[in-house]
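Before any comments, here is the structure.
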Amino acid sequence: MKLSSQAQAFVLHFGEMGSRWGFNRTVGQMFALLTIQSEPLNADQLAQALKISRGNVSMGLKELQAWRLVELHHLPGDRKDYFTAAGSIWDLARTVFEERRKRELDPTLTLLRQLLLNEPQDEQETLAQQKMQEVYDLLELLDQFANTLSRLEQKDLLKLMKLGSGISKLLELKARAKGGSTKPT
């Protein structure tokens with residue numbers, strides 16, 4: 001399988017971005033390739049297109065399955081496993097967001113809950129717990145917001161996202177109307 005220069009650029013960039021999203025470069029490249037392909041691909045096709053080993057493809061596919069980002073398919077008369085991206089771009093974005101929340105936010109909230117249950121032993125621990133409580137409160141608020149966003153229909157989420165800077169302008173107007181600062185707090 002030969003990739004166009006545009007597809008190649010997309011796949012390479014996604015590989016670089018993958019490390020920022022929580023998986024390695026090769027997994028990011030595999031995910032990108034599966035996302036832009038109209039037909040399911042098998043491990044040999046992925047290895048050939050990306051010029052990586054079959055073993056690397058196998059490990060990458062396991063990782064993508066653990067992230068719930070690919071779906072397994074079987075073609076009539078073919079014993080090989082074939083893979084596609086698991087849903088629309090919106091579905092995939094939601095899945096990455098949910099998986100990152102499970103892998104990063106949830107364990108942090110759990111640790112903070114446990115630490116905040118301990119009675120501080122001195123002034124330093126009291127100060128540390130106050131800061132941990134602030135972090136916890138912020139992350140809990142973020143988690144509640146994320147839960148709300150994840151329940152929105154795609155069309156409603158898109159509308160919300162398009163509001164963009166309009167929300168900050170609205171808050172500025174509200175602050176001015178109250179005679180306060182022009183910057184929202």
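In the structure tokens, chains take the letters A, B, ... in the order shown, each chain's residues start at 1, and ligands count up from 1 in the order shown.
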Output as a PyMOL selection string all residues of chain A that backbone DSSP marks as strand (DSSP E). chain A and resi 41-42+70-73+82-85
May I have the selected residues written with all heavy atoms, as a short mmCIF file (atom, residue, chain, number, x, y, z; two decimals), in the first residue's frame?
```
data_model
loop_
_atom_site.label_atom_id
_atom_site.label_comp_id
_atom_site.auth_asym_id
_atom_site.auth_seq_id
_atom_site.Cartn_x
_atom_site.Cartn_y
_atom_site.Cartn_z
N LEU A 41 -8.08 -2.60 7.25
CA LEU A 41 -6.71 -3.02 6.96
C LEU A 41 -6.30 -4.14 7.91
O LEU A 41 -6.72 -4.15 9.06
CB LEU A 41 -5.73 -1.84 7.13
CG LEU A 41 -5.93 -0.63 6.24
CD1 LEU A 41 -4.92 0.46 6.61
CD2 LEU A 41 -5.80 -1.00 4.78
N ASN A 42 -5.46 -5.05 7.40
CA ASN A 42 -4.93 -6.09 8.28
C ASN A 42 -3.53 -5.69 8.74
O ASN A 42 -2.98 -4.68 8.29
CB ASN A 42 -4.96 -7.47 7.58
CG ASN A 42 -4.05 -7.53 6.37
OD1 ASN A 42 -2.93 -7.04 6.38
ND2 ASN A 42 -4.54 -8.16 5.30
N VAL A 70 -10.23 1.09 17.86
CA VAL A 70 -10.34 0.32 16.62
C VAL A 70 -11.37 -0.80 16.80
O VAL A 70 -11.64 -1.24 17.93
CB VAL A 70 -8.99 -0.30 16.18
CG1 VAL A 70 -8.00 0.76 15.80
CG2 VAL A 70 -8.42 -1.23 17.22
N GLU A 71 -11.93 -1.20 15.67
CA GLU A 71 -12.87 -2.32 15.66
C GLU A 71 -12.29 -3.43 14.80
O GLU A 71 -11.68 -3.18 13.76
CB GLU A 71 -14.21 -1.88 15.07
CG GLU A 71 -14.95 -0.91 15.94
CD GLU A 71 -16.26 -0.43 15.32
OE1 GLU A 71 -16.46 -0.63 14.10
OE2 GLU A 71 -17.06 0.16 16.05
N LEU A 72 -12.51 -4.64 15.23
CA LEU A 72 -12.05 -5.84 14.55
C LEU A 72 -13.11 -6.28 13.54
O LEU A 72 -14.30 -6.28 13.86
CB LEU A 72 -11.79 -6.94 15.58
CG LEU A 72 -11.42 -8.32 15.07
CD1 LEU A 72 -10.08 -8.30 14.37
CD2 LEU A 72 -11.39 -9.30 16.24
N HIS A 73 -12.67 -6.66 12.34
CA HIS A 73 -13.57 -7.15 11.30
C HIS A 73 -12.98 -8.42 10.69
O HIS A 73 -11.77 -8.60 10.67
CB HIS A 73 -13.74 -6.11 10.17
CG HIS A 73 -14.30 -4.82 10.64
ND1 HIS A 73 -15.64 -4.59 10.76
CD2 HIS A 73 -13.69 -3.67 11.03
CE1 HIS A 73 -15.85 -3.36 11.19
NE2 HIS A 73 -14.67 -2.79 11.37
N TYR A 82 -8.97 -7.86 10.40
CA TYR A 82 -8.94 -6.54 9.77
C TYR A 82 -9.44 -5.52 10.77
O TYR A 82 -10.27 -5.82 11.62
CB TYR A 82 -9.81 -6.52 8.50
CG TYR A 82 -9.19 -7.28 7.35
CD1 TYR A 82 -9.27 -8.66 7.27
CD2 TYR A 82 -8.52 -6.59 6.35
CE1 TYR A 82 -8.69 -9.35 6.22
CE2 TYR A 82 -7.93 -7.27 5.29
CZ TYR A 82 -8.02 -8.65 5.23
OH TYR A 82 -7.44 -9.33 4.18
N PHE A 83 -8.96 -4.28 10.62
CA PHE A 83 -9.28 -3.25 11.60
C PHE A 83 -9.71 -1.96 10.91
O PHE A 83 -9.23 -1.63 9.83
CB PHE A 83 -8.06 -2.96 12.48
CG PHE A 83 -7.63 -4.15 13.28
CD1 PHE A 83 -6.72 -5.07 12.75
CD2 PHE A 83 -8.15 -4.38 14.54
CE1 PHE A 83 -6.33 -6.18 13.48
CE2 PHE A 83 -7.77 -5.49 15.27
CZ PHE A 83 -6.86 -6.39 14.74
N THR A 84 -10.62 -1.27 11.57
CA THR A 84 -11.04 0.08 11.16
C THR A 84 -11.06 0.95 12.42
O THR A 84 -11.09 0.44 13.54
CB THR A 84 -12.45 0.09 10.55
OG1 THR A 84 -13.38 -0.41 11.51
CG2 THR A 84 -12.52 -0.72 9.27
N ALA A 85 -11.09 2.26 12.19
CA ALA A 85 -11.28 3.17 13.31
C ALA A 85 -12.69 2.95 13.86
O ALA A 85 -13.62 2.65 13.11
CB ALA A 85 -11.10 4.61 12.84
#
```
Leu12 (chain A) environment, 7 Å, only C-alpha atoms, sequence neighbours closer than 4 positions dropped, as a PyMOL selection string: chain A and resi 8+16+29
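Using only C-alpha atoms, the smallest distance between any of A:Leu111, A:Leu34, A:Leu105, A:Ala7 and Leu138 (chain A) comes from A:Leu105.
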8 Å contact set for Leu50 (chain A), only C-alpha atoms, chain neighbours under 3 positions out, as a list in words: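 Final neighbour list, sorted by chain and number: Gln29, Met30, Leu46 and Ala47 of chain A.
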Since we have the selection now, will you write its residues out, keeping N, CA and C atoms, as a short mmCIF file (atom, residue, chain, number, x, y, z; two decimals), in the first residue's frame?
```cif
data_model
loop_
_atom_site.label_atom_id
_atom_site.label_comp_id
_atom_site.auth_asym_id
_atom_site.auth_seq_id
_atom_site.Cartn_x
_atom_site.Cartn_y
_atom_site.Cartn_z
N GLN A 29 0.53 6.70 14.56
CA GLN A 29 0.55 6.55 13.11
C GLN A 29 -0.46 5.49 12.64
N MET A 30 -0.53 4.38 13.36
CA MET A 30 -1.49 3.33 12.99
C MET A 30 -2.92 3.86 13.10
N LEU A 46 -0.83 -2.74 7.40
CA LEU A 46 -0.35 -1.67 8.27
C LEU A 46 1.17 -1.65 8.33
N ALA A 47 1.78 -2.83 8.50
CA ALA A 47 3.24 -2.93 8.58
C ALA A 47 3.88 -2.43 7.30
#
```
What residues in chain A get the DSSP label helix (DSSP H, G or I)? Please answer as a ChimeraX atom specification. /A:5-21,25-36,43-50,54-66,89-117,123-151,154-163,166-177
Nearest to Glu140 (chain A) among A:Gln6, A:Thr110, A:Asn24, A:Ser38, with distances taken over only C-alpha atoms: which residue is it?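 Of A:Gln6, A:Thr110, A:Asn24, A:Ser38, the one nearest Glu140 (chain A), counting only C-alpha atoms, is A:Thr110.
Proximity of A:Leu117, A:Ala43, A:Leu3, A:Ala93 to Lys62 (chain A), computed with only C-alpha atoms, is greatest for A:Ala43.
If only C-alpha atoms are the atoms counted, then among A:Ala49, A:Gly55, A:Glu98, A:Asp44 the closest residue to Lys80 (chain A) is A:Asp44.
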Nearest-residue call for Lys102 (chain A), choices A:Ala146, A:Leu170, A:Met161, A:Met59, using only C-alpha atoms: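 Counting only C-alpha atoms, the residue closest to Lys102 (chain A) is A:Ala146.
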Work out how far apart CA of Gly60 (chain A) and CA of Pro76 (chain A) are and give it in Å to one decimal.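 It comes out at 24.6 Å.
Pairwise distance (CA of Leu112 (chain A), CA of Val135 (chain A)) equals 8.4 Å.
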